[in-house]
file my_file11.tsv (TSV, C-alpha atoms)
chain	number	residue	atom	x	y	z
O	1	MET	CA	3.54	-41.70	5.92
O	2	ILE	CA	4.33	-38.56	7.89
O	3	ASP	CA	1.19	-36.77	9.01
O	4	LEU	CA	1.43	-32.98	8.83
O	5	THR	CA	-2.22	-32.32	9.67
O	6	ILE	CA	-2.79	-30.37	12.87
O	7	ASP	CA	-5.81	-29.41	14.93
O	8	PHE	CA	-5.39	-25.79	15.93
O	9	ALA	CA	-8.00	-24.05	18.06
O	10	ASP	CA	-10.65	-26.63	17.06
O	11	VAL	CA	-9.95	-26.22	13.34
O	12	LYS	CA	-8.13	-28.83	11.25
O	13	PHE	CA	-5.28	-27.68	9.01
O	14	PRO	CA	-3.65	-29.88	6.32
O	15	ASN	CA	-0.23	-28.70	7.50
O	16	PRO	CA	1.04	-26.20	10.10
O	17	PHE	CA	2.41	-23.61	7.64
O	18	LEU	CA	0.19	-20.54	7.30
O	19	VAL	CA	0.55	-17.39	5.26
O	20	GLY	CA	0.36	-14.64	7.86
O	21	SER	CA	-1.61	-11.43	7.61
O	22	GLY	CA	0.15	-8.98	5.32
O	23	PRO	CA	0.77	-7.88	1.74
O	24	THR	CA	0.75	-11.45	0.41
O	25	SER	CA	-2.76	-12.14	1.71
O	26	GLY	CA	-4.41	-8.93	0.59
O	27	ASN	CA	-6.43	-10.05	-2.44
O	28	PRO	CA	-8.09	-13.20	-3.82
O	29	GLN	CA	-5.42	-13.93	-6.41
O	30	LYS	CA	-2.69	-14.15	-3.76
O	31	ILE	CA	-4.84	-16.26	-1.44
O	32	ILE	CA	-5.74	-18.67	-4.25
O	33	SER	CA	-2.05	-18.88	-5.23
O	34	ALA	CA	-1.08	-19.73	-1.64
O	35	TYR	CA	-3.72	-22.49	-1.54
O	36	ARG	CA	-2.56	-24.00	-4.84
O	37	SER	CA	1.06	-23.89	-3.68
O	38	GLY	CA	0.22	-26.10	-0.69
O	39	TRP	CA	-0.01	-23.81	2.32
O	40	GLY	CA	-2.02	-25.07	5.27
O	41	GLY	CA	-4.04	-21.90	5.76
O	42	VAL	CA	-4.13	-18.16	5.13
O	43	VAL	CA	-4.63	-15.24	7.50
O	44	LEU	CA	-6.22	-12.41	5.53
O	45	LYS	CA	-4.68	-8.97	5.53
O	46	THR	CA	-6.37	-7.13	8.37
O	47	ILE	CA	-9.86	-5.96	7.45
O	48	GLY	CA	-11.26	-2.75	8.91
O	49	ASP	CA	-14.03	-0.25	8.42
O	50	SER	CA	-13.86	3.22	9.96
O	51	ILE	CA	-10.08	3.14	10.37
O	52	VAL	CA	-9.21	2.19	6.76
O	53	ARG	CA	-6.90	4.77	5.18
O	54	LYS	CA	-4.24	5.01	2.49
O	55	SER	CA	-0.68	3.94	3.28
O	56	VAL	CA	2.33	6.20	2.88
O	57	ARG	CA	4.91	5.60	0.14
O	58	PRO	CA	7.56	4.31	0.30
O	59	MET	CA	6.55	2.02	3.13
O	60	TYR	CA	9.40	-0.52	3.30
O	61	GLY	CA	13.05	-0.55	4.33
O	62	ALA	CA	15.68	-3.27	4.75
O	63	MET	CA	18.80	-3.81	6.86
O	64	ARG	CA	21.42	-6.08	5.30
O	65	LYS	CA	24.84	-7.47	6.15
O	66	ASN	CA	26.92	-8.85	3.28
O	67	LYS	CA	23.77	-8.73	1.14
O	68	GLU	CA	21.89	-10.97	3.59
O	69	LEU	CA	18.63	-9.57	4.95
O	70	LEU	CA	18.80	-9.16	8.72
O	71	ALA	CA	15.70	-7.09	9.33
O	72	PHE	CA	12.83	-5.56	7.40
O	73	GLU	CA	10.72	-2.53	8.30
O	74	ASN	CA	7.24	-1.72	7.14
O	75	LEU	CA	5.11	1.39	7.59
O	76	GLU	CA	2.14	-0.48	6.21
O	77	LEU	CA	-1.19	-0.33	8.01
O	78	ILE	CA	-4.21	-2.57	7.57
O	79	THR	CA	-5.92	-3.10	4.21
O	80	GLU	CA	-6.56	-0.04	2.05
O	81	ASP	CA	-9.71	-1.71	0.67
O	82	PRO	CA	-13.14	-0.92	2.17
O	83	LEU	CA	-15.64	-3.58	3.23
O	84	GLU	CA	-17.51	-3.55	-0.08
O	85	VAL	CA	-14.29	-4.54	-1.87
O	86	TRP	CA	-13.58	-7.30	0.65
O	87	ASP	CA	-17.13	-8.51	0.15
O	88	LYS	CA	-16.25	-9.15	-3.50
O	89	TYR	CA	-12.89	-10.67	-2.55
O	90	LEU	CA	-14.48	-13.17	-0.17
O	91	LYS	CA	-17.08	-14.17	-2.75
O	92	ILE	CA	-14.30	-14.95	-5.22
O	93	ILE	CA	-12.49	-17.03	-2.60
O	94	LYS	CA	-15.69	-18.93	-1.83
O	95	GLU	CA	-16.32	-19.62	-5.52
O	96	GLU	CA	-12.84	-21.10	-5.84
O	97	GLU	CA	-13.77	-23.68	-3.19
O	98	ILE	CA	-10.52	-23.24	-1.32
O	99	LYS	CA	-10.14	-26.24	0.98
O	100	ILE	CA	-7.91	-24.73	3.65
O	101	PRO	CA	-8.96	-22.65	6.66
O	102	ILE	CA	-9.27	-18.92	6.03
O	103	ILE	CA	-8.55	-16.84	9.12
O	104	ALA	CA	-9.97	-13.32	8.99
O	105	SER	CA	-7.79	-10.72	10.69
O	106	ILE	CA	-9.83	-7.73	11.85
O	107	MET	CA	-9.24	-4.37	13.50
O	108	GLY	CA	-11.85	-1.92	14.66
O	109	GLY	CA	-11.51	1.51	16.23
O	110	SER	CA	-11.74	2.31	19.91
O	111	ASP	CA	-15.45	1.41	20.00
O	112	HIS	CA	-16.13	-2.23	20.92
O	113	THR	CA	-19.15	-2.33	18.65
O	114	GLU	CA	-17.02	-1.96	15.52
O	115	TRP	CA	-15.00	-5.06	16.46
O	116	ILE	CA	-18.23	-6.99	17.02
O	117	LYS	CA	-19.62	-5.80	13.69
O	118	LEU	CA	-16.49	-6.85	11.81
O	119	ALA	CA	-16.35	-10.22	13.56
O	120	LYS	CA	-19.94	-11.03	12.63
O	121	TRP	CA	-19.33	-9.71	9.11
O	122	VAL	CA	-16.42	-12.07	8.40
O	123	GLU	CA	-18.18	-14.98	10.11
O	124	ASP	CA	-21.19	-14.49	7.84
O	125	ARG	CA	-18.86	-14.63	4.83
O	126	GLY	CA	-17.33	-17.97	5.69
O	127	ALA	CA	-14.23	-17.27	7.78
O	128	SER	CA	-13.00	-20.36	9.65
O	129	MET	CA	-11.53	-18.31	12.50
O	130	ILE	CA	-11.04	-14.69	13.54
O	131	GLU	CA	-7.71	-13.12	14.45
O	132	LEU	CA	-7.98	-9.89	16.48
O	133	ASN	CA	-5.13	-7.57	15.49
O	134	PHE	CA	-3.99	-6.11	18.80
O	135	GLY	CA	-0.44	-5.78	17.58
O	136	CYS	CA	0.04	-3.13	14.88
O	137	PRO	CA	2.89	-1.02	16.33
O	138	HIS	CA	2.52	2.10	14.20
O	139	GLY	CA	-0.20	4.31	12.79
O	140	GLU	CA	-3.00	2.80	14.86
O	141	PRO	CA	-1.97	3.08	18.57
O	142	GLU	CA	-2.41	6.86	18.54
O	143	ARG	CA	-6.02	6.20	17.53
O	144	LYS	CA	-6.46	3.96	20.59
O	145	THR	CA	-6.43	0.68	18.65
O	146	GLY	CA	-3.89	-1.91	17.45
O	147	ALA	CA	-0.98	-2.15	19.87
O	148	PHE	CA	-2.65	0.38	22.16
O	149	ILE	CA	-5.15	-2.34	23.05
O	150	GLY	CA	-2.49	-5.05	23.01
O	151	GLN	CA	-0.37	-3.21	25.57
O	152	HIS	CA	-3.13	-3.18	28.19
O	153	ALA	CA	-4.29	-6.49	29.67
O	154	ASP	CA	-7.62	-5.04	30.75
O	155	LEU	CA	-8.40	-3.81	27.23
O	156	VAL	CA	-7.34	-7.13	25.68
O	157	TYR	CA	-9.77	-8.85	28.04
O	158	GLU	CA	-12.63	-6.45	27.29
O	159	TYR	CA	-12.37	-6.42	23.50
O	160	THR	CA	-11.72	-10.16	23.26
O	161	LYS	CA	-14.65	-11.05	25.51
O	162	GLU	CA	-17.00	-8.87	23.46
O	163	VAL	CA	-16.00	-10.59	20.20
O	164	VAL	CA	-15.95	-14.13	21.64
O	165	SER	CA	-19.48	-13.71	22.97
O	166	SER	CA	-20.70	-12.44	19.60
O	167	VAL	CA	-19.53	-15.17	17.22
O	168	GLY	CA	-19.56	-18.94	16.96
O	169	ILE	CA	-16.13	-19.49	15.41
O	170	PRO	CA	-12.77	-19.62	17.25
O	171	VAL	CA	-11.13	-16.32	18.13
O	172	ILE	CA	-7.35	-15.80	18.08
O	173	VAL	CA	-5.62	-12.77	19.57
O	174	LYS	CA	-2.54	-11.40	17.79
O	175	LEU	CA	-0.14	-10.03	20.39
O	176	THR	CA	2.38	-7.22	20.27
O	177	PRO	CA	5.90	-7.89	21.61
O	178	ASN	CA	6.18	-4.24	22.63
O	179	VAL	CA	5.13	-4.93	26.23
O	180	THR	CA	6.80	-5.63	29.56
O	181	ASP	CA	5.30	-9.11	30.08
O	182	ILE	CA	3.61	-10.78	27.12
O	183	SER	CA	2.41	-13.69	29.26
O	184	GLU	CA	0.24	-11.30	31.28
O	185	ILE	CA	-1.44	-10.09	28.09
O	186	ALA	CA	-1.90	-13.67	26.87
O	187	LYS	CA	-3.57	-14.63	30.15
O	188	ALA	CA	-6.05	-11.80	29.68
O	189	ALA	CA	-6.92	-13.16	26.23
O	190	GLU	CA	-7.29	-16.66	27.69
O	191	ASN	CA	-9.55	-15.47	30.49
O	192	ALA	CA	-11.71	-13.67	27.91
O	193	GLY	CA	-12.33	-16.90	26.00
O	194	ALA	CA	-9.79	-16.76	23.16
O	195	LYS	CA	-8.87	-20.19	21.82
O	196	ALA	CA	-5.36	-19.19	20.76
O	197	VAL	CA	-2.87	-16.38	20.27
O	198	THR	CA	-0.58	-15.37	17.44
O	199	ALA	CA	2.86	-14.33	18.64
O	200	ILE	CA	4.36	-12.06	17.63
O	201	ASN	CA	3.43	-8.99	15.63
O	202	THR	CA	6.29	-6.79	14.45
O	203	VAL	CA	8.71	-5.06	16.82
O	204	ASN	CA	8.59	-1.27	16.93
O	205	GLY	CA	11.76	0.29	15.52
O	206	ILE	CA	13.70	2.30	12.95
O	207	ILE	CA	15.51	0.30	10.25
O	208	GLY	CA	18.39	2.74	9.93
O	209	VAL	CA	19.66	6.22	9.13
O	210	ASP	CA	21.26	7.60	5.96
O	211	ILE	CA	24.15	9.37	7.69
O	212	GLU	CA	25.02	11.47	4.62
O	213	LYS	CA	21.58	13.05	4.68
O	214	ALA	CA	20.86	12.65	8.41
O	215	GLN	CA	17.71	10.95	7.17
O	216	PRO	CA	15.86	8.21	9.09
O	217	LEU	CA	14.70	5.39	6.83
O	218	PRO	CA	12.53	4.67	4.97
O	219	ASP	CA	12.63	8.17	3.51
O	220	VAL	CA	9.09	9.50	3.02
O	221	ASN	CA	9.71	12.83	1.30
O	222	GLY	CA	12.37	13.81	3.83
O	223	TYR	CA	10.69	12.35	6.91
O	224	SER	CA	9.98	8.96	8.49
O	225	THR	CA	8.30	7.36	11.50
O	226	TYR	CA	8.63	4.36	13.81
O	227	GLY	CA	7.67	1.19	11.96
O	228	GLY	CA	7.29	-2.55	12.39
O	229	ILE	CA	10.47	-4.63	12.28
O	230	SER	CA	10.33	-8.23	11.00
O	231	GLY	CA	12.80	-10.70	9.51
O	232	PRO	CA	15.52	-12.92	11.02
O	233	ALA	CA	16.54	-10.33	13.64
O	234	VAL	CA	13.22	-10.64	15.49
O	235	LYS	CA	13.17	-14.44	15.72
O	236	PRO	CA	14.79	-14.53	19.20
O	237	ILE	CA	12.06	-12.20	20.47
O	238	GLY	CA	9.38	-14.36	18.87
O	239	LEU	CA	10.78	-17.59	20.31
O	240	ALA	CA	10.97	-16.15	23.82
O	241	SER	CA	7.43	-14.79	23.56
O	242	VAL	CA	6.02	-18.13	22.41
O	243	SER	CA	7.83	-19.94	25.22
O	244	LYS	CA	6.54	-17.55	27.89
O	245	ILE	CA	2.97	-17.94	26.66
O	246	TYR	CA	3.30	-21.72	26.40
O	247	LYS	CA	4.60	-22.00	29.96
O	248	SER	CA	2.07	-19.63	31.54
O	249	THR	CA	-1.22	-20.42	29.76
O	250	LYS	CA	-3.14	-23.28	28.15
O	251	LEU	CA	-3.61	-21.30	24.95
O	252	GLN	CA	-2.65	-22.73	21.61
O	253	ILE	CA	-0.09	-20.62	19.78
O	254	SER	CA	0.60	-19.67	16.18
O	255	GLY	CA	4.23	-18.58	16.00
O	256	VAL	CA	5.44	-15.82	13.71
O	257	GLY	CA	8.56	-13.68	13.46
O	258	GLY	CA	11.68	-14.27	11.39
O	259	ILE	CA	10.66	-17.63	9.92
O	260	PHE	CA	12.89	-17.85	6.85
O	261	ASP	CA	13.48	-21.62	6.79
O	262	TRP	CA	11.75	-24.84	7.81
O	263	THR	CA	14.20	-25.14	10.71
O	264	ASP	CA	12.97	-21.80	12.04
O	265	ALA	CA	9.49	-23.30	12.06
O	266	VAL	CA	10.72	-26.32	14.04
O	267	GLU	CA	12.27	-23.98	16.60
O	268	TYR	CA	8.88	-22.33	17.06
O	269	PHE	CA	7.19	-25.73	17.41
O	270	MET	CA	9.71	-26.75	20.05
O	271	MET	CA	9.06	-23.53	21.94
O	272	GLY	CA	5.33	-24.24	22.01
O	273	ALA	CA	3.69	-23.19	18.73
O	274	LYS	CA	1.23	-25.54	16.98
O	275	THR	CA	1.22	-23.59	13.71
O	276	VAL	CA	3.57	-21.01	12.23
O	277	GLN	CA	2.97	-18.01	10.00
O	278	SER	CA	5.27	-16.52	7.39
O	279	VAL	CA	4.88	-13.01	5.98
O	280	THR	CA	8.17	-11.28	5.15
O	281	TYR	CA	9.66	-14.36	3.47
O	282	THR	CA	6.60	-14.76	1.25
O	283	MET	CA	7.08	-11.15	0.17
O	284	ILE	CA	10.62	-12.03	-0.92
O	285	ARG	CA	10.13	-15.53	-2.31
O	286	GLY	CA	6.46	-15.93	-3.20
O	287	PHE	CA	4.64	-19.12	-2.18
O	288	GLU	CA	6.21	-22.04	-4.06
O	289	PHE	CA	8.98	-22.75	-1.54
O	290	ILE	CA	6.43	-24.28	0.83
O	291	SER	CA	6.65	-27.66	-0.92
O	292	GLU	CA	10.34	-27.83	-0.03
O	293	TRP	CA	9.67	-26.81	3.56
O	294	LYS	CA	7.08	-29.55	3.95
O	295	LYS	CA	9.41	-32.13	2.41
O	296	GLU	CA	12.29	-31.14	4.71
O	297	LEU	CA	10.02	-31.17	7.76
O	298	GLU	CA	8.72	-34.63	6.87
O	299	GLU	CA	12.26	-35.97	6.48
O	300	PHE	CA	13.26	-34.44	9.82
O	301	MET	CA	10.23	-35.93	11.57
O	302	LYS	CA	10.92	-39.32	10.06
O	303	ARG	CA	14.58	-39.23	11.10
O	304	LYS	CA	13.76	-38.16	14.66
O	305	GLN	CA	10.58	-40.28	14.85
O	306	TYR	CA	8.57	-37.21	15.82
O	307	THR	CA	4.94	-36.36	15.31
O	308	LEU	CA	4.02	-32.70	15.22
O	309	GLU	CA	2.48	-33.02	18.67
O	310	ASP	CA	5.74	-34.55	19.98
O	311	MET	CA	7.65	-31.40	19.08
O	312	ILE	CA	5.33	-28.84	20.65
O	313	GLY	CA	7.05	-27.30	23.65
O	314	ILE	CA	9.82	-29.88	24.12
O	315	ALA	CA	12.54	-27.23	24.13
O	316	SER	CA	10.44	-24.75	26.09
O	317	ASN	CA	10.25	-27.27	28.91
O	318	LYS	CA	14.01	-26.79	29.35
O	319	ILE	CA	13.72	-23.04	29.90
O	320	LYS	CA	14.43	-22.47	33.60
O	321	THR	CA	15.16	-19.58	35.94
O	322	TYR	CA	18.63	-18.07	36.27
O	323	GLU	CA	18.81	-19.47	39.81
O	324	PHE	CA	18.25	-22.97	38.43
O	325	LEU	CA	21.08	-22.52	35.91
O	326	GLU	CA	23.40	-21.44	38.72
O	327	LYS	CA	22.77	-24.78	40.42
O	328	VAL	CA	23.41	-26.90	37.34
O	329	THR	CA	26.51	-25.03	36.13
O	330	LYS	CA	29.39	-27.53	36.41
O	331	ARG	CA	32.37	-25.61	35.02
O	332	ARG	CA	32.79	-21.89	35.29
O	333	THR	CA	34.80	-20.50	32.38
O	334	SER	CA	36.37	-17.07	32.34
O	335	VAL	CA	34.77	-14.21	30.46
O	336	ASP	CA	37.67	-14.25	27.96
O	337	GLU	CA	37.12	-17.96	27.29
O	338	GLU	CA	33.43	-17.36	26.69
O	339	ILE	CA	34.19	-14.50	24.28
O	340	ASN	CA	36.68	-16.65	22.38
O	341	ASN	CA	34.12	-19.45	22.12
O	342	VAL	CA	31.60	-17.05	20.63
O	343	ARG	CA	34.19	-15.70	18.18
O	344	GLY	CA	34.85	-19.26	17.07
O	345	GLU	CA	31.14	-19.88	16.49
O	346	ILE	CA	30.80	-16.69	14.46
O	347	TYR	CA	33.97	-16.81	12.39
O	348	GLY	CA	34.64	-20.55	12.34
call {"tool": "encode", "arguments": {"input": "my_file11.tsv", "output": "structure tokens"}}
result
Amino acid sequence: MIDLTIDFADVKFPNPFLVGSGPTSGNPQKIISAYRSGWGGVVLKTIGDSIVRKSVRPMYGAMRKNKELLAFENLELITEDPLEVWDKYLKIIKEEEIKIPIIASIMGGSDHTEWIKLAKWVEDRGASMIELNFGCPHGEPERKTGAFIGQHADLVYEYTKEVVSSVGIPVIVKLTPNVTDISEIAKAAENAGAKAVTAINTVNGIIGVDIEKAQPLPDVNGYSTYGGISGPAVKPIGLASVSKIYKSTKLQISGVGGIFDWTDAVEYFMMGAKTVQSVTYTMIRGFEFISEWKKELEEFMKRKQYTLEDMIGIASNKIKTYEFLEKVTKRRTSVDEEINNVRGEIYG
């Protein structure tokens, strides 16, 4: 038997595949559906209080090549539902006796006390863990929260320490990739007492421009704004971020960003993640595909004689400095040869 159970930040998960915080974890019906489909855990859509507001419409855009999705943009903020609605949601979830960890994602305003209030609120309602959303790249930073906090190591330390000292369940910090050195931010979370980090939140960007109309996309009544980019295009950024955190801290890591296949998940494990989260792909495919992912992962582990713990960080350990690579380079090819090799990989 292949064992897919994993202990992550002192909480046991039946498997390492989690539904990440987003549209597919925003109400009880979706959370119950994810549980019944076989996911290992669910991160709730970010809960807030004073900063809850309505989202713009349309809020999504896609970039494709030959019909294949390369990147996805969202202008979505945290939940549009107030605390009294989430109170009802969490009661429904509790009544269903869901037997997987429920991670409550929260975001307060610029006042520390709101984060503490929300953390205690979700703990009182049965959350297994708390994920602090320091990563939202749009809509919230101008209000001194979200990625505004996540881009400043001192603020990450302050807000994390306040929450950690106020609750008795593990605290995870969700990090933004829109920083100079993500490992510095992760260290601040570690020093403040966080058990783990989620890496990464979406990358700030614009999905494209309608050149006939000179209109940035998505088109919101003739205007647009910078949004959060997810999908396959951001996976390289996610992998690098996870590796940097793994090599510079002792934090446990939940990897997210461009996970569209079980092999993507394995890449994240090998870079240092203990669990992985999927959001965009669940929006496209629903939840049922997880049974196939688990089956394929089990077969891979059996063939390679791996446990989950064996995989964590084994590729990240081979990430070295450029100076090191100079020393181990045996044959120096010309630039033209390198370009031709890449062309062959791309076009076969």
call {"tool": "residues_near_point", "arguments": {"input": "my_file11.tsv", "point": "(-17.9, -3.9, 19.2)", "cutoff": "12 Å", "atoms": "all atoms listed in the file", "output": "list of chain:residue names"}}
result
O:Ile106, O:Met107, O:Gly108, O:Gly109, O:Ser110, O:Asp111, O:His112, O:Thr113, O:Glu114, O:Trp115, O:Ile116, O:Lys117, O:Leu118, O:Ala119, O:Lys120, O:Trp121, O:Leu132, O:Glu158, O:Tyr159, O:Thr160, O:Lys161, O:Glu162, O:Val163, O:Val164, O:Ser165, O:Ser166, O:Val167
call {"tool": "write_last_selection", "arguments": {"input": "my_file11.tsv", "atoms": "C-alpha atoms", "output": "PDB file, in the frame of the given file"}}
result
ATOM      1  CA  ILE O 106      -9.830  -7.730  11.850  1.00  0.00           C
ATOM      2  CA  MET O 107      -9.240  -4.370  13.500  1.00  0.00           C
ATOM      3  CA  GLY O 108     -11.850  -1.920  14.660  1.00  0.00           C
ATOM      4  CA  GLY O 109     -11.510   1.510  16.230  1.00  0.00           C
ATOM      5  CA  SER O 110     -11.740   2.310  19.910  1.00  0.00           C
ATOM      6  CA  ASP O 111     -15.450   1.410  20.000  1.00  0.00           C
ATOM      7  CA  HIS O 112     -16.130  -2.230  20.920  1.00  0.00           C
ATOM      8  CA  THR O 113     -19.150  -2.330  18.650  1.00  0.00           C
ATOM      9  CA  GLU O 114     -17.020  -1.960  15.520  1.00  0.00           C
ATOM     10  CA  TRP O 115     -15.000  -5.060  16.460  1.00  0.00           C
ATOM     11  CA  ILE O 116     -18.230  -6.990  17.020  1.00  0.00           C
ATOM     12  CA  LYS O 117     -19.620  -5.800  13.690  1.00  0.00           C
ATOM     13  CA  LEU O 118     -16.490  -6.850  11.810  1.00  0.00           C
ATOM     14  CA  ALA O 119     -16.350 -10.220  13.560  1.00  0.00           C
ATOM     15  CA  LYS O 120     -19.940 -11.030  12.630  1.00  0.00           C
ATOM     16  CA  TRP O 121     -19.330  -9.710   9.110  1.00  0.00           C
ATOM     17  CA  LEU O 132      -7.980  -9.890  16.480  1.00  0.00           C
ATOM     18  CA  GLU O 158     -12.630  -6.450  27.290  1.00  0.00           C
ATOM     19  CA  TYR O 159     -12.370  -6.420  23.500  1.00  0.00           C
ATOM     20  CA  THR O 160     -11.720 -10.160  23.260  1.00  0.00           C
ATOM     21  CA  LYS O 161     -14.650 -11.050  25.510  1.00  0.00           C
ATOM     22  CA  GLU O 162     -17.000  -8.870  23.460  1.00  0.00           C
ATOM     23  CA  VAL O 163     -16.000 -10.590  20.200  1.00  0.00           C
ATOM     24  CA  VAL O 164     -15.950 -14.130  21.640  1.00  0.00           C
ATOM     25  CA  SER O 165     -19.480 -13.710  22.970  1.00  0.00           C
ATOM     26  CA  SER O 166     -20.700 -12.440  19.600  1.00  0.00           C
ATOM     27  CA  VAL O 167     -19.530 -15.170  17.220  1.00  0.00           C
TER      28      VAL O 167
END
call {"tool": "closest_residue", "arguments": {"input": "my_file11.tsv", "among": "O:Ala147, O:Ala192, O:Ile93, O:Ala127", "to": "O:Ile169", "atoms": "all atoms listed in the file"}}
result
O:Ala127
call {"tool": "residues_near_point", "arguments": {"input": "my_file11.tsv", "point": "(-0.1, 0.2, 23.3)", "cutoff": "9 Å", "atoms": "all atoms listed in the file", "output": "JSON, numbers by chain"}}
result
{"O": [134, 135, 137, 141, 142, 144, 145, 146, 147, 148, 149, 150, 151, 152, 176, 178, 179]}
call {"tool": "atom_distance", "arguments": {"input": "my_file11.tsv", "atom1": "atom CA of O:Asp124", "atom2": "atom CA of O:Ile102"}}
result
12.8 Å
call {"tool": "closest_residue", "arguments": {"input": "my_file11.tsv", "among": "O:Arg57, O:Arg343, O:Lys195, O:Lys12", "to": "O:Asn221", "atoms": "all atoms listed in the file"}}
result
O:Arg57
call {"tool": "closest_residue", "arguments": {"input": "my_file11.tsv", "among": "O:Gly139, O:Pro177, O:Gly48, O:Gly272", "to": "O:Asn317", "atoms": "only C-alpha atoms"}}
result
O:Gly272
call {"tool": "closest_residue", "arguments": {"input": "my_file11.tsv", "among": "O:Leu175, O:Val11, O:Val279, O:Ala194", "to": "O:Pro101", "atoms": "only C-alpha atoms"}}
result
O:Val11
call {"tool": "atom_distance", "arguments": {"input": "my_file11.tsv", "atom1": "atom CA of O:Lys91", "atom2": "atom CA of O:Arg36"}}
result
17.7 Å
call {"tool": "atom_distance", "arguments": {"input": "my_file11.tsv", "atom1": "atom CA of O:Ile185", "atom2": "atom CA of O:Thr202"}}
result
16.0 Å
call {"tool": "closest_residue", "arguments": {"input": "my_file11.tsv", "among": "O:Gln29, O:Ser241, O:Thr249, O:Thr46", "to": "O:Glu96", "atoms": "only C-alpha atoms"}}
result
O:Gln29
call {"tool": "build_atoms", "arguments": {"input": "my_file11.tsv", "residues": "stretch 227-240 of chain O", "atoms": "N, CA, C and O atoms", "output": "tab-separated table (two decimals), in the frame of the given file"}}
result
chain	number	residue	atom	x	y	z
O	227	GLY	N	8.39	2.22	12.72
O	227	GLY	CA	7.67	1.19	11.96
O	227	GLY	C	7.73	-0.16	12.63
O	227	GLY	O	8.15	-0.31	13.79
O	228	GLY	N	7.30	-1.18	11.89
O	228	GLY	CA	7.29	-2.55	12.39
O	228	GLY	C	8.46	-3.34	11.83
O	228	GLY	O	8.59	-3.46	10.61
O	229	ILE	N	9.29	-3.88	12.70
O	229	ILE	CA	10.47	-4.63	12.28
O	229	ILE	C	10.15	-6.12	12.27
O	229	ILE	O	9.62	-6.67	13.23
O	230	SER	N	10.50	-6.77	11.15
O	230	SER	CA	10.33	-8.23	11.00
O	230	SER	C	11.62	-8.80	10.45
O	230	SER	O	12.64	-8.11	10.38
O	231	GLY	N	11.60	-10.08	10.06
O	231	GLY	CA	12.80	-10.70	9.51
O	231	GLY	C	13.60	-11.46	10.55
O	231	GLY	O	13.22	-11.53	11.72
O	232	PRO	N	14.73	-12.04	10.13
O	232	PRO	CA	15.52	-12.92	11.02
O	232	PRO	C	15.89	-12.29	12.35
O	232	PRO	O	15.97	-12.98	13.37
O	233	ALA	N	16.10	-10.98	12.40
O	233	ALA	CA	16.54	-10.33	13.64
O	233	ALA	C	15.52	-10.43	14.76
O	233	ALA	O	15.89	-10.34	15.94
O	234	VAL	N	14.24	-10.61	14.44
O	234	VAL	CA	13.22	-10.64	15.49
O	234	VAL	C	12.90	-12.06	15.96
O	234	VAL	O	12.12	-12.22	16.91
O	235	LYS	N	13.50	-13.06	15.32
O	235	LYS	CA	13.17	-14.44	15.72
O	235	LYS	C	13.45	-14.72	17.20
O	235	LYS	O	12.61	-15.36	17.87
O	236	PRO	N	14.57	-14.27	17.77
O	236	PRO	CA	14.79	-14.53	19.20
O	236	PRO	C	13.69	-13.96	20.09
O	236	PRO	O	13.33	-14.56	21.10
O	237	ILE	N	13.15	-12.80	19.70
O	237	ILE	CA	12.06	-12.20	20.47
O	237	ILE	C	10.80	-13.05	20.33
O	237	ILE	O	10.08	-13.29	21.30
O	238	GLY	N	10.54	-13.51	19.10
O	238	GLY	CA	9.38	-14.36	18.87
O	238	GLY	C	9.45	-15.68	19.62
O	238	GLY	O	8.47	-16.12	20.23
O	239	LEU	N	10.62	-16.31	19.61
O	239	LEU	CA	10.78	-17.59	20.31
O	239	LEU	C	10.56	-17.43	21.81
O	239	LEU	O	9.89	-18.25	22.44
O	240	ALA	N	11.14	-16.38	22.38
O	240	ALA	CA	10.97	-16.15	23.82
O	240	ALA	C	9.50	-15.88	24.16
O	240	ALA	O	8.99	-16.38	25.16
